[in-house]
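Student: My file is my_file.tsv. It has TSV, C-alpha atoms:
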```tsv
chain	number	residue	atom	x	y	z
A	1150	MET	CA	59.56	6.61	55.66
A	1151	LEU	CA	59.38	2.91	54.89
A	1152	GLU	CA	58.87	1.19	58.19
A	1153	GLU	CA	58.11	-2.53	58.31
A	1154	LYS	CA	54.42	-3.09	58.99
A	1155	ARG	CA	52.72	-5.67	61.17
A	1156	ALA	CA	49.31	-7.23	60.41
A	1157	ILE	CA	46.80	-6.74	63.22
A	1158	LYS	CA	43.12	-7.52	63.56
A	1159	PRO	CA	40.98	-5.15	61.53
A	1160	GLY	CA	39.74	-1.94	63.12
A	1161	THR	CA	38.36	1.33	61.79
A	1162	LEU	CA	41.75	3.05	61.99
A	1163	LEU	CA	40.92	6.35	60.34
A	1164	PHE	CA	42.73	9.50	61.53
A	1165	PRO	CA	42.18	12.39	62.06
A	1166	ASN	CA	38.41	12.72	62.41
A	1167	ALA	CA	36.09	15.65	62.61
A	1168	VAL	CA	33.98	15.83	65.74
A	1169	VAL	CA	30.50	17.34	65.53
A	1170	LEU	CA	27.60	18.11	67.85
A	1171	VAL	CA	24.42	16.56	66.44
A	1172	SER	CA	21.20	18.08	67.74
A	1173	CYS	CA	17.80	16.43	67.52
A	1174	SER	CA	14.31	16.42	69.00
A	1175	ASP	CA	11.61	13.94	69.96
A	1176	GLY	CA	9.05	16.02	68.05
A	1177	ALA	CA	7.38	17.16	71.25
A	1178	ASP	CA	9.05	18.68	74.31
A	1179	LYS	CA	12.48	17.04	74.46
A	1180	ASP	CA	15.62	17.69	72.50
A	1181	ASN	CA	19.16	16.48	72.80
A	1182	ILE	CA	22.75	16.87	71.62
A	1183	ILE	CA	25.10	13.96	70.90
A	1184	THR	CA	28.80	14.17	70.09
A	1185	ILE	CA	29.72	12.23	66.95
A	1186	GLY	CA	33.36	11.44	66.15
A	1187	TRP	CA	32.92	9.81	62.74
A	1188	PRO	CA	30.85	12.10	60.57
A	1189	GLY	CA	31.46	11.68	56.86
A	1190	GLY	CA	30.73	13.61	53.71
A	1191	ILE	CA	29.04	11.15	51.39
A	1192	GLY	CA	28.04	13.32	48.47
A	1193	ALA	CA	28.38	16.85	47.16
A	1194	SER	CA	25.51	17.22	44.76
A	1195	PRO	CA	23.05	16.81	46.35
A	1196	PRO	CA	24.87	17.46	49.62
A	1197	ARG	CA	24.73	14.54	52.03
A	1198	ILE	CA	26.38	13.70	55.31
A	1199	GLY	CA	26.44	10.46	57.26
A	1200	ILE	CA	26.66	9.82	61.00
A	1201	PRO	CA	26.96	6.50	62.83
A	1202	ILE	CA	25.03	6.18	66.11
A	1203	LYS	CA	24.89	3.20	68.46
A	1204	ARG	CA	21.38	1.83	68.90
A	1205	GLN	CA	21.24	2.25	72.68
A	1206	ARG	CA	21.91	5.99	72.52
A	1207	TYR	CA	19.00	8.28	73.40
A	1208	SER	CA	19.48	10.34	70.24
A	1209	HIS	CA	19.15	7.20	68.12
A	1210	GLY	CA	15.49	6.86	69.08
A	1211	LEU	CA	14.81	10.56	68.62
A	1212	ILE	CA	16.26	10.66	65.11
A	1213	CYS	CA	14.47	7.45	64.12
A	1214	LYS	CA	11.20	9.03	65.25
A	1215	THR	CA	11.48	12.48	63.65
A	1216	ARG	CA	13.87	11.55	60.82
A	1217	GLU	CA	15.78	14.80	61.14
A	1218	PHE	CA	18.94	16.09	62.82
A	1219	VAL	CA	21.31	19.05	62.69
A	1220	VAL	CA	25.08	18.71	62.31
A	1221	ASN	CA	26.78	21.54	64.22
A	1222	ILE	CA	30.53	22.14	63.79
A	1223	PRO	CA	32.02	23.12	67.16
A	1224	THR	CA	35.08	25.23	67.89
A	1225	SER	CA	37.96	24.61	70.26
A	1226	ASP	CA	36.47	26.89	72.93
A	1227	GLN	CA	33.55	24.42	73.14
A	1228	MET	CA	35.68	21.51	74.36
A	1229	HIS	CA	33.57	21.14	77.48
A	1230	ALA	CA	30.36	20.79	75.45
A	1231	ILE	CA	32.02	18.36	73.02
A	1232	ASN	CA	33.02	16.14	75.87
A	1233	HIS	CA	29.89	16.52	78.00
A	1234	CYS	CA	27.47	15.84	75.12
A	1235	GLY	CA	29.28	12.59	74.37
A	1236	THR	CA	29.49	11.43	77.97
A	1237	VAL	CA	26.08	11.84	79.63
A	1238	SER	CA	22.68	10.70	78.34
A	1239	GLY	CA	19.87	13.00	77.22
A	1240	ARG	CA	17.49	10.66	79.03
A	1241	ASN	CA	18.33	12.47	82.27
A	1242	HIS	CA	20.33	15.53	81.21
A	1243	ASP	CA	19.35	18.78	79.51
A	1244	LYS	CA	22.58	19.34	77.61
A	1245	TYR	CA	21.63	22.73	76.16
A	1246	LEU	CA	21.11	23.98	79.69
A	1247	GLU	CA	24.13	22.28	81.22
A	1248	CYS	CA	26.48	23.47	78.46
A	1249	LYS	CA	24.93	26.97	78.30
A	1250	LEU	CA	24.11	26.52	74.62
A	1251	ASP	CA	21.28	28.29	72.80
A	1252	ARG	CA	18.54	26.40	71.01
A	1253	VAL	CA	17.86	27.97	67.61
A	1254	ALA	CA	14.64	26.99	65.86
A	1255	PRO	CA	15.08	25.23	62.51
A	1256	THR	CA	14.11	26.98	59.28
A	1257	LYS	CA	13.56	23.91	57.06
A	1258	LEU	CA	13.18	21.06	59.53
A	1259	ARG	CA	10.11	20.74	61.74
A	1260	PHE	CA	11.64	20.10	65.14
A	1261	ALA	CA	15.40	19.72	65.60
A	1262	PRO	CA	16.95	22.94	66.98
A	1263	SER	CA	20.48	23.90	66.04
A	1264	ILE	CA	23.16	25.18	68.40
A	1265	GLY	CA	23.53	28.96	68.38
A	1266	GLN	CA	27.18	28.95	69.43
A	1267	CYS	CA	28.45	26.67	66.64
A	1268	PRO	CA	29.64	28.57	63.54
A	1269	ILE	CA	28.14	26.05	61.09
A	1270	SER	CA	24.82	24.22	61.44
A	1271	LEU	CA	23.54	21.87	58.73
A	1272	GLU	CA	19.85	20.97	58.87
A	1273	CYS	CA	19.48	17.39	57.62
A	1274	ARG	CA	16.56	15.15	56.72
A	1275	VAL	CA	17.15	11.42	57.12
A	1276	GLU	CA	17.09	9.67	53.76
A	1277	ALA	CA	18.21	6.24	54.89
A	1278	ILE	CA	19.25	4.31	57.97
A	1279	TRP	CA	21.73	1.50	57.33
A	1280	ASP	CA	22.35	-1.31	59.79
A	1281	MET	CA	26.11	-1.40	60.36
A	1282	GLY	CA	26.23	-3.90	63.22
A	1283	SER	CA	27.43	-1.93	66.23
A	1284	HIS	CA	25.99	1.27	64.75
A	1285	ASP	CA	23.16	2.44	62.58
A	1286	TYR	CA	24.41	4.78	59.88
A	1287	PHE	CA	22.13	7.77	59.29
A	1288	VAL	CA	22.31	9.29	55.82
A	1289	GLY	CA	21.25	12.91	55.99
A	1290	ARG	CA	20.33	15.13	53.10
A	1291	ILE	CA	21.47	18.66	53.96
A	1292	VAL	CA	18.51	20.93	53.27
A	1293	ILE	CA	19.94	24.25	54.44
A	1294	ALA	CA	23.18	25.51	55.95
A	1295	HIS	CA	23.49	28.24	58.58
A	1296	VAL	CA	26.89	29.90	58.84
A	1297	ALA	CA	28.15	32.53	61.29
A	1298	GLU	CA	28.58	35.95	59.69
A	1299	ASN	CA	32.28	35.98	60.59
A	1300	TRP	CA	32.77	32.67	58.73
A	1301	LEU	CA	31.32	34.11	55.51
A	1302	GLY	CA	32.73	36.35	52.82
A	1303	ASN	CA	30.59	38.98	51.14
A	1304	ASP	CA	29.73	36.53	48.36
A	1305	ASN	CA	28.21	34.06	50.87
A	1306	ARG	CA	31.20	31.78	50.42
A	1307	VAL	CA	32.27	29.99	53.57
A	1308	GLN	CA	35.64	31.09	54.93
A	1309	VAL	CA	36.52	28.39	57.40
A	1310	ARG	CA	38.53	29.59	60.40
A	1311	ALA	CA	40.67	26.51	60.54
A	1312	GLU	CA	42.48	27.67	63.67
A	1313	GLN	CA	39.20	27.33	65.58
A	1314	LEU	CA	38.45	23.74	64.52
A	1315	VAL	CA	38.85	20.58	66.55
A	1316	ALA	CA	40.14	17.23	65.26
A	1317	LEU	CA	39.82	13.91	67.06
A	1318	VAL	CA	42.54	11.24	67.03
A	1319	SER	CA	42.12	8.09	69.09
A	1320	GLY	CA	40.11	9.88	71.76
A	1321	ASN	CA	42.38	12.93	71.95
A	1322	TYR	CA	41.39	16.38	70.76
A	1323	TYR	CA	43.72	18.52	68.68
A	1324	ARG	CA	43.68	21.92	67.09
A	1325	LEU	CA	45.06	22.43	63.61
A	1326	SER	CA	48.43	24.08	63.18
A	1327	GLU	CA	49.69	26.22	60.37
A	1328	GLU	CA	48.71	25.54	56.78
A	1329	GLN	CA	50.95	23.10	54.91
A	1330	GLY	CA	49.81	23.77	51.37
A	1331	ARG	CA	46.88	24.02	49.05
A	1332	SER	CA	45.44	21.10	47.14
A	1333	THR	CA	45.29	21.25	43.36
A	1334	TYR	CA	42.79	18.45	42.95
A	1335	SER	CA	39.01	18.45	42.91
B	1050	MET	CA	30.82	32.84	70.73
B	1051	LEU	CA	27.28	33.61	69.63
B	1052	GLU	CA	27.59	35.17	66.22
B	1053	GLU	CA	24.49	35.78	64.14
B	1054	LYS	CA	24.19	33.16	61.39
B	1055	ARG	CA	23.11	33.53	57.81
B	1056	ALA	CA	21.22	30.85	55.85
B	1057	ILE	CA	23.00	29.79	52.66
B	1058	LYS	CA	22.35	27.11	50.10
B	1059	PRO	CA	23.13	23.64	51.43
B	1060	GLY	CA	26.62	22.19	50.99
B	1061	THR	CA	28.58	19.42	52.62
B	1062	LEU	CA	30.31	21.80	55.04
B	1063	LEU	CA	32.15	19.30	57.21
B	1064	PHE	CA	35.54	20.30	58.67
B	1065	PRO	CA	38.22	19.13	59.25
B	1066	ASN	CA	38.50	16.01	57.10
B	1067	ALA	CA	40.96	13.17	56.97
B	1068	VAL	CA	42.67	12.69	53.65
B	1069	VAL	CA	43.65	9.17	52.57
B	1070	LEU	CA	45.40	7.48	49.67
B	1071	VAL	CA	43.18	4.71	48.31
B	1072	SER	CA	44.99	2.05	46.29
B	1073	CYS	CA	43.31	-0.37	43.92
B	1074	SER	CA	43.89	-2.67	40.96
B	1075	ASP	CA	42.19	-3.72	37.74
B	1076	GLY	CA	42.77	-7.38	38.65
B	1077	ALA	CA	45.35	-7.77	35.89
B	1078	ASP	CA	48.37	-5.56	35.24
B	1079	LYS	CA	47.26	-2.06	36.28
B	1080	ASP	CA	46.93	-0.48	39.66
B	1081	ASN	CA	46.25	3.04	40.84
B	1082	ILE	CA	46.14	5.42	43.78
B	1083	ILE	CA	43.42	8.03	44.32
B	1084	THR	CA	43.35	10.74	46.99
B	1085	ILE	CA	40.08	10.81	48.92
B	1086	GLY	CA	39.17	13.77	51.12
B	1087	TRP	CA	35.94	12.48	52.67
B	1088	PRO	CA	36.61	9.04	54.10
B	1089	GLY	CA	34.28	8.10	56.93
B	1090	GLY	CA	34.18	5.50	59.66
B	1091	ILE	CA	30.77	3.89	59.36
B	1092	GLY	CA	30.96	1.09	61.89
B	1093	ALA	CA	33.25	-0.35	64.54
B	1094	SER	CA	32.11	-3.94	64.89
B	1095	PRO	CA	32.49	-5.17	62.25
B	1096	PRO	CA	34.90	-2.44	61.14
B	1097	ARG	CA	33.73	-0.59	58.06
B	1098	ILE	CA	34.88	2.49	56.20
B	1099	GLY	CA	33.20	4.45	53.42
B	1100	ILE	CA	34.70	6.45	50.55
B	1101	PRO	CA	32.90	8.58	47.95
B	1102	ILE	CA	34.29	8.47	44.40
B	1103	LYS	CA	33.05	10.33	41.33
B	1104	ARG	CA	31.95	8.02	38.55
B	1105	GLN	CA	34.33	9.39	35.92
B	1106	ARG	CA	37.43	8.65	38.00
B	1107	TYR	CA	39.68	5.84	36.77
B	1108	SER	CA	39.74	4.22	40.23
B	1109	HIS	CA	35.93	4.05	40.23
B	1110	GLY	CA	35.97	1.50	37.41
B	1111	LEU	CA	38.80	-0.50	38.96
B	1112	ILE	CA	37.08	-0.82	42.33
B	1113	CYS	CA	33.74	-1.70	40.71
B	1114	LYS	CA	35.52	-4.49	38.82
B	1115	THR	CA	37.57	-6.07	41.61
B	1116	ARG	CA	35.39	-4.95	44.54
B	1117	GLU	CA	38.39	-4.27	46.74
B	1118	PHE	CA	40.55	-1.33	47.79
B	1119	VAL	CA	43.09	-0.34	50.42
B	1120	VAL	CA	42.79	2.79	52.57
B	1121	ASN	CA	46.29	4.10	53.32
B	1122	ILE	CA	46.76	6.88	55.91
B	1123	PRO	CA	49.47	9.26	54.69
B	1124	THR	CA	51.80	11.47	56.72
B	1125	SER	CA	52.69	15.10	56.28
B	1126	ASP	CA	55.99	14.26	54.55
B	1127	GLN	CA	53.87	12.72	51.74
B	1128	MET	CA	52.20	15.97	50.77
B	1129	HIS	CA	53.44	15.66	47.20
B	1130	ALA	CA	51.89	12.20	46.80
B	1131	ILE	CA	48.63	13.33	48.42
B	1132	ASN	CA	48.35	16.13	45.93
B	1133	HIS	CA	49.64	14.30	42.86
B	1134	CYS	CA	47.40	11.23	43.34
B	1135	GLY	CA	44.35	13.50	43.48
B	1136	THR	CA	45.32	15.61	40.47
B	1137	VAL	CA	46.38	13.31	37.61
B	1138	SER	CA	44.56	10.27	36.24
B	1139	GLY	CA	45.72	6.68	36.52
B	1140	ARG	CA	44.62	6.21	32.91
B	1141	ASN	CA	47.94	7.72	31.81
B	1142	HIS	CA	50.05	7.97	34.97
B	1143	ASP	CA	51.81	5.33	37.08
B	1144	LYS	CA	51.41	7.06	40.42
B	1145	TYR	CA	53.43	4.52	42.43
B	1146	LEU	CA	56.38	5.19	40.13
B	1147	GLU	CA	55.92	8.94	39.91
B	1148	CYS	CA	55.55	9.34	43.69
B	1149	LYS	CA	58.33	6.82	44.47
B	1150	LEU	CA	55.95	4.69	46.51
B	1151	ASP	CA	56.30	0.95	47.06
B	1152	ARG	CA	53.60	-1.50	46.08
B	1153	VAL	CA	53.05	-4.06	48.84
B	1154	ALA	CA	51.12	-7.20	47.95
B	1155	PRO	CA	47.86	-7.70	49.87
B	1156	THR	CA	47.55	-10.46	52.45
B	1157	LYS	CA	43.74	-10.89	52.42
B	1158	LEU	CA	42.65	-9.20	49.21
B	1159	ARG	CA	43.38	-10.72	45.82
B	1160	PHE	CA	44.77	-7.77	43.89
B	1161	ALA	CA	44.91	-4.29	45.42
B	1162	PRO	CA	48.43	-3.45	46.64
B	1163	SER	CA	48.93	-1.19	49.63
B	1164	ILE	CA	51.42	1.67	49.91
B	1165	GLY	CA	54.59	0.73	51.77
B	1166	GLN	CA	55.34	4.26	52.96
B	1167	CYS	CA	51.98	4.87	54.69
B	1168	PRO	CA	51.98	3.91	58.39
B	1169	ILE	CA	48.47	2.42	58.28
B	1170	SER	CA	46.94	0.38	55.45
B	1171	LEU	CA	43.45	-1.09	55.71
B	1172	GLU	CA	42.56	-3.84	53.23
B	1173	CYS	CA	38.86	-3.52	52.38
B	1174	ARG	CA	36.34	-5.64	50.52
B	1175	VAL	CA	33.46	-3.75	48.94
B	1176	GLU	CA	30.17	-4.69	50.59
B	1177	ALA	CA	27.95	-2.12	48.89
B	1178	ILE	CA	28.04	0.72	46.38
B	1179	TRP	CA	25.46	3.45	46.99
B	1180	ASP	CA	24.44	5.95	44.33
B	1181	MET	CA	24.88	9.38	45.90
B	1182	GLY	CA	24.32	11.53	42.82
B	1183	SER	CA	27.66	13.20	42.13
B	1184	HIS	CA	29.48	10.31	43.80
B	1185	ASP	CA	29.15	6.60	44.35
B	1186	TYR	CA	29.73	5.72	47.97
B	1187	PHE	CA	31.80	2.57	48.46
B	1188	VAL	CA	31.22	0.74	51.73
B	1189	GLY	CA	34.31	-1.27	52.62
B	1190	ARG	CA	34.56	-4.02	55.18
B	1191	ILE	CA	38.06	-3.84	56.67
B	1192	VAL	CA	39.45	-7.36	56.54
B	1193	ILE	CA	42.94	-6.75	57.90
B	1194	ALA	CA	44.99	-3.79	59.09
B	1195	HIS	CA	48.71	-3.29	58.52
B	1196	VAL	CA	50.42	-0.85	60.87
B	1197	ALA	CA	54.02	0.39	60.92
B	1198	GLU	CA	56.05	-1.06	63.79
B	1199	ASN	CA	56.76	2.43	65.15
B	1200	TRP	CA	52.99	3.14	65.32
B	1201	LEU	CA	52.38	0.06	67.49
B	1202	GLY	CA	52.89	-0.66	71.18
B	1203	ASN	CA	54.08	-4.06	72.37
B	1204	ASP	CA	50.50	-5.15	72.88
B	1205	ASN	CA	49.69	-4.54	69.17
B	1206	ARG	CA	47.68	-1.46	70.12
B	1207	VAL	CA	47.93	1.38	67.64
B	1208	GLN	CA	49.76	4.45	68.94
B	1209	VAL	CA	48.88	7.12	66.45
B	1210	ARG	CA	51.60	9.70	65.88
B	1211	ALA	CA	49.21	12.57	65.61
B	1212	GLU	CA	51.96	15.08	64.83
B	1213	GLN	CA	52.55	13.26	61.51
B	1214	LEU	CA	48.91	13.33	60.34
B	1215	VAL	CA	47.36	15.59	57.72
B	1216	ALA	CA	43.92	17.22	57.91
B	1217	LEU	CA	42.06	18.80	55.01
B	1218	VAL	CA	39.96	21.96	55.35
B	1219	SER	CA	38.40	23.53	52.26
B	1220	GLY	CA	41.24	22.39	50.02
B	1221	ASN	CA	44.01	23.38	52.42
B	1222	TYR	CA	46.23	20.91	54.23
B	1223	TYR	CA	47.03	21.27	57.92
B	1224	ARG	CA	49.05	19.44	60.50
B	1225	LEU	CA	47.67	18.93	63.99
B	1226	SER	CA	48.97	21.06	66.82
B	1227	GLU	CA	49.34	20.21	70.48
B	1228	GLU	CA	46.79	18.05	72.25
B	1229	GLN	CA	43.84	19.90	73.74
B	1230	GLY	CA	42.47	17.22	76.02
B	1231	ARG	CA	41.26	13.67	76.21
B	1232	SER	CA	37.68	12.61	75.56
B	1233	THR	CA	35.80	10.81	78.30
B	1234	TYR	CA	33.09	9.44	76.06
B	1235	SER	CA	32.86	6.24	74.11
```
Using structure tokens, write down the structure from this file.
Tutor:
Amino acid sequence: MLEEKRAIKPGTLLFPNAVVLVSCSDGADKDNIITIGWPGGIGASPPRIGIPIKRQRYSHGLICKTREFVVNIPTSDQMHAINHCGTVSGRNHDKYLECKLDRVAPTKLRFAPSIGQCPISLECRVEAIWDMGSHDYFVGRIVIAHVAENWLGNDNRVQVRAEQLVALVSGNYYRLSEEQGRSTYS
Amino acid sequence: MLEEKRAIKPGTLLFPNAVVLVSCSDGADKDNIITIGWPGGIGASPPRIGIPIKRQRYSHGLICKTREFVVNIPTSDQMHAINHCGTVSGRNHDKYLECKLDRVAPTKLRFAPSIGQCPISLECRVEAIWDMGSHDYFVGRIVIAHVAENWLGNDNRVQVRAEQLVALVSGNYYRLSEEQGRSTYS
């Protein structure tokens, strides 16, 4: 394909995106879940992940206070939770309760619970918060990973069930279809 | 699903990922293309995108020198280029030539050409380079976007052809399958 292109005003036109459920706590009696559509791997060794959050969001204040969060990878049967946790505010909603999700106590963090129903949960400590204008970008150091038994091989290697994942494109959710090939690069 | 989870050593277990072709130049007579599997949106206003690159990669030196790059979104009929540009080094390969891709001169950047065959090309100026251990993380301010005519509506709004996109999961490429729903959040 070599279609003529048109110049348009700059936008963050990156597709497809992962969509994750980020759980956090106020360090006392409140916790919350926020849907994040632009998570990014930012390093492998040590493992780090970044998430942008708008300043007015309830979770923004919680994560600034406790400096920890959990990235939970959802599956396509959790579409309701993905949508609900991105739509209503934790200021007046208990999203764990409303989405029938289980709080699981952290093993390395102090406060932020992970989501029992998500097959992968990454406990993260905040290393930096970068002002990105519309968003603050939270750089999280992954301190431990929790993976569902049926997503693990005997050697503790993760076997991702790609057919259960969700991708986000311009506000629409998609599942992945059949494998197209294996990469040879690293 | 509520499967028991097992704690494993931390890794950047984020799925699915976009995969992009990043083009760059040495500011003189050499250019290159590198495949990046962890691009991330890091801000909307102003629009910013981040890409991690290992220090030993040829493109790392080029982008440090010129402080510019282009993020090109590939389609599933470019699987060979996606793989090739992530496997061989620009030190001794002309990837545009080998992948039969067209260099398109930038309109806002000084040097880095974009890839004619990719439906979206985002010209980026480097605003920051963050040391992330195994990788340097390049923060790019998107200064202009070029979008294929058949990915645009009459109002210059991008109409992503999701069925042409590629997602990366643990080194395997996938296409997206049918739409699962529309998000209500922002």
Student: Listing only residues of chain A within 6 Å of chain B, what is the closest atom pair and its distance in Å (to one decimal) for each, using all atoms listed in the file, sorted by chain and residue number ascending, as a tab-separated table?
Tutor:
```
residue	atom	partner	partner_atom	distance
A:Met1150	CA	B:Gln1166	CA	5.5
A:Leu1151	CA	B:Gln1166	CA	4.7
A:Glu1152	CA	B:Ala1197	CA	5.6
A:Glu1153	CA	B:Ala1197	CA	5.7
A:Lys1154	CA	B:Ala1197	CA	4.0
A:Arg1155	CA	B:Val1196	CA	5.3
A:Ala1156	CA	B:His1195	CA	4.4
A:Ile1157	CA	B:Ala1194	CA	5.4
A:Lys1158	CA	B:Ile1193	CA	5.7
A:Pro1159	CA	B:Ile1193	CA	4.4
A:Gly1160	CA	B:Pro1096	CA	5.3
A:Thr1161	CA	B:Pro1096	CA	5.2
A:Pro1165	CA	B:Ala1067	CA	5.3
A:Ala1167	CA	B:Pro1065	CA	5.3
A:Trp1187	CA	B:Gly1090	CA	5.4
A:Gly1189	CA	B:Gly1089	CA	4.6
A:Gly1190	CA	B:Trp1087	CA	5.4
A:Ile1191	CA	B:Pro1101	CA	5.8
A:Gly1192	CA	B:Met1181	CA	5.7
A:Ser1194	CA	B:Ser1183	CA	5.3
A:Pro1196	CA	B:Thr1061	CA	5.2
A:Pro1201	CA	B:Ile1091	CA	5.8
A:Asn1232	CA	B:Ser1232	CA	5.9
A:Gly1235	CA	B:Tyr1234	CA	5.2
A:Thr1236	CA	B:Tyr1234	CA	4.5
A:Gln1266	CA	B:Leu1051	CA	4.7
A:Met1281	CA	B:Gly1092	CA	5.7
A:Ser1283	CA	B:Ser1094	CA	5.3
A:His1284	CA	B:Gly1092	CA	5.7
A:Ile1291	CA	B:Pro1059	CA	5.8
A:Val1292	CA	B:Pro1059	CA	5.7
A:Ile1293	CA	B:Pro1059	CA	4.4
A:Ala1294	CA	B:Pro1059	CA	4.9
A:His1295	CA	B:Ala1056	CA	4.4
A:Val1296	CA	B:Lys1054	CA	4.9
A:Ala1297	CA	B:Lys1054	CA	4.0
A:Glu1298	CA	B:Lys1054	CA	5.5
A:Gly1320	CA	B:Ser1232	CA	5.3
A:Asn1321	CA	B:Arg1231	CA	4.5
A:Tyr1322	CA	B:Gln1229	CA	5.2
A:Tyr1323	CA	B:Glu1228	CA	4.7
A:Arg1324	CA	B:Ser1226	CA	5.4
A:Leu1325	CA	B:Leu1225	CA	4.4
A:Ser1326	CA	B:Ser1226	CA	4.8
A:Glu1328	CA	B:Tyr1223	CA	4.7
A:Gln1329	CA	B:Tyr1222	CA	5.2
A:Gly1330	CA	B:Tyr1222	CA	5.4
A:Arg1331	CA	B:Asn1221	CA	4.5
A:Ser1332	CA	B:Gly1220	CA	5.3
A:Tyr1334	CA	B:Thr1136	CA	4.5
```
Student: I'd like to know which of B:Arg1104, B:Lys1114, B:Arg1174, B:His1109 is closest to B:Pro1155, using only C-alpha atoms.
Tutor: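 Closest candidate: B:Arg1174.
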Student: Just to confirm, what's the straight-line distance from atom CA of B:Lys1157 to atom CA of B:Arg1140 in Å (one decimal)?
Tutor: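 The value is 26.0 Å.
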Student: As an exercise, work out the distance from atom CA of B:Leu1158 to atom CA of B:Cys1113 in Å and give it to one decimal place.
Tutor: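 Separation between atom CA of B:Leu1158 and atom CA of B:Cys1113: 14.4 Å.
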Student: Atom CA of B:Arg1116 and atom CA of B:Ala1177, how far apart in Å?
Tutor: 9.1 Å
Student: Which residue gives the smallest distance to B:Val1188 among B:Ala1077, B:Ala1154, B:Val1119, B:Ala1130, with all atoms listed in the file counted?
Tutor: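 Using all atoms listed in the file, the shortest distance to B:Val1188 belongs to B:Val1119.
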Student: Stretch 1149-1160 of chain B, all listed atoms, 8 Å padding on each side: what axis-aligned box centre and edge lengths in Å to one decimal come out, as AutoDock Vina command-line options?
Tutor:
```
--center_x 50.5 --center_y -2.0 --center_z 48.2 --size_x 31.7 --size_y 33.7 --size_z 24.6
```
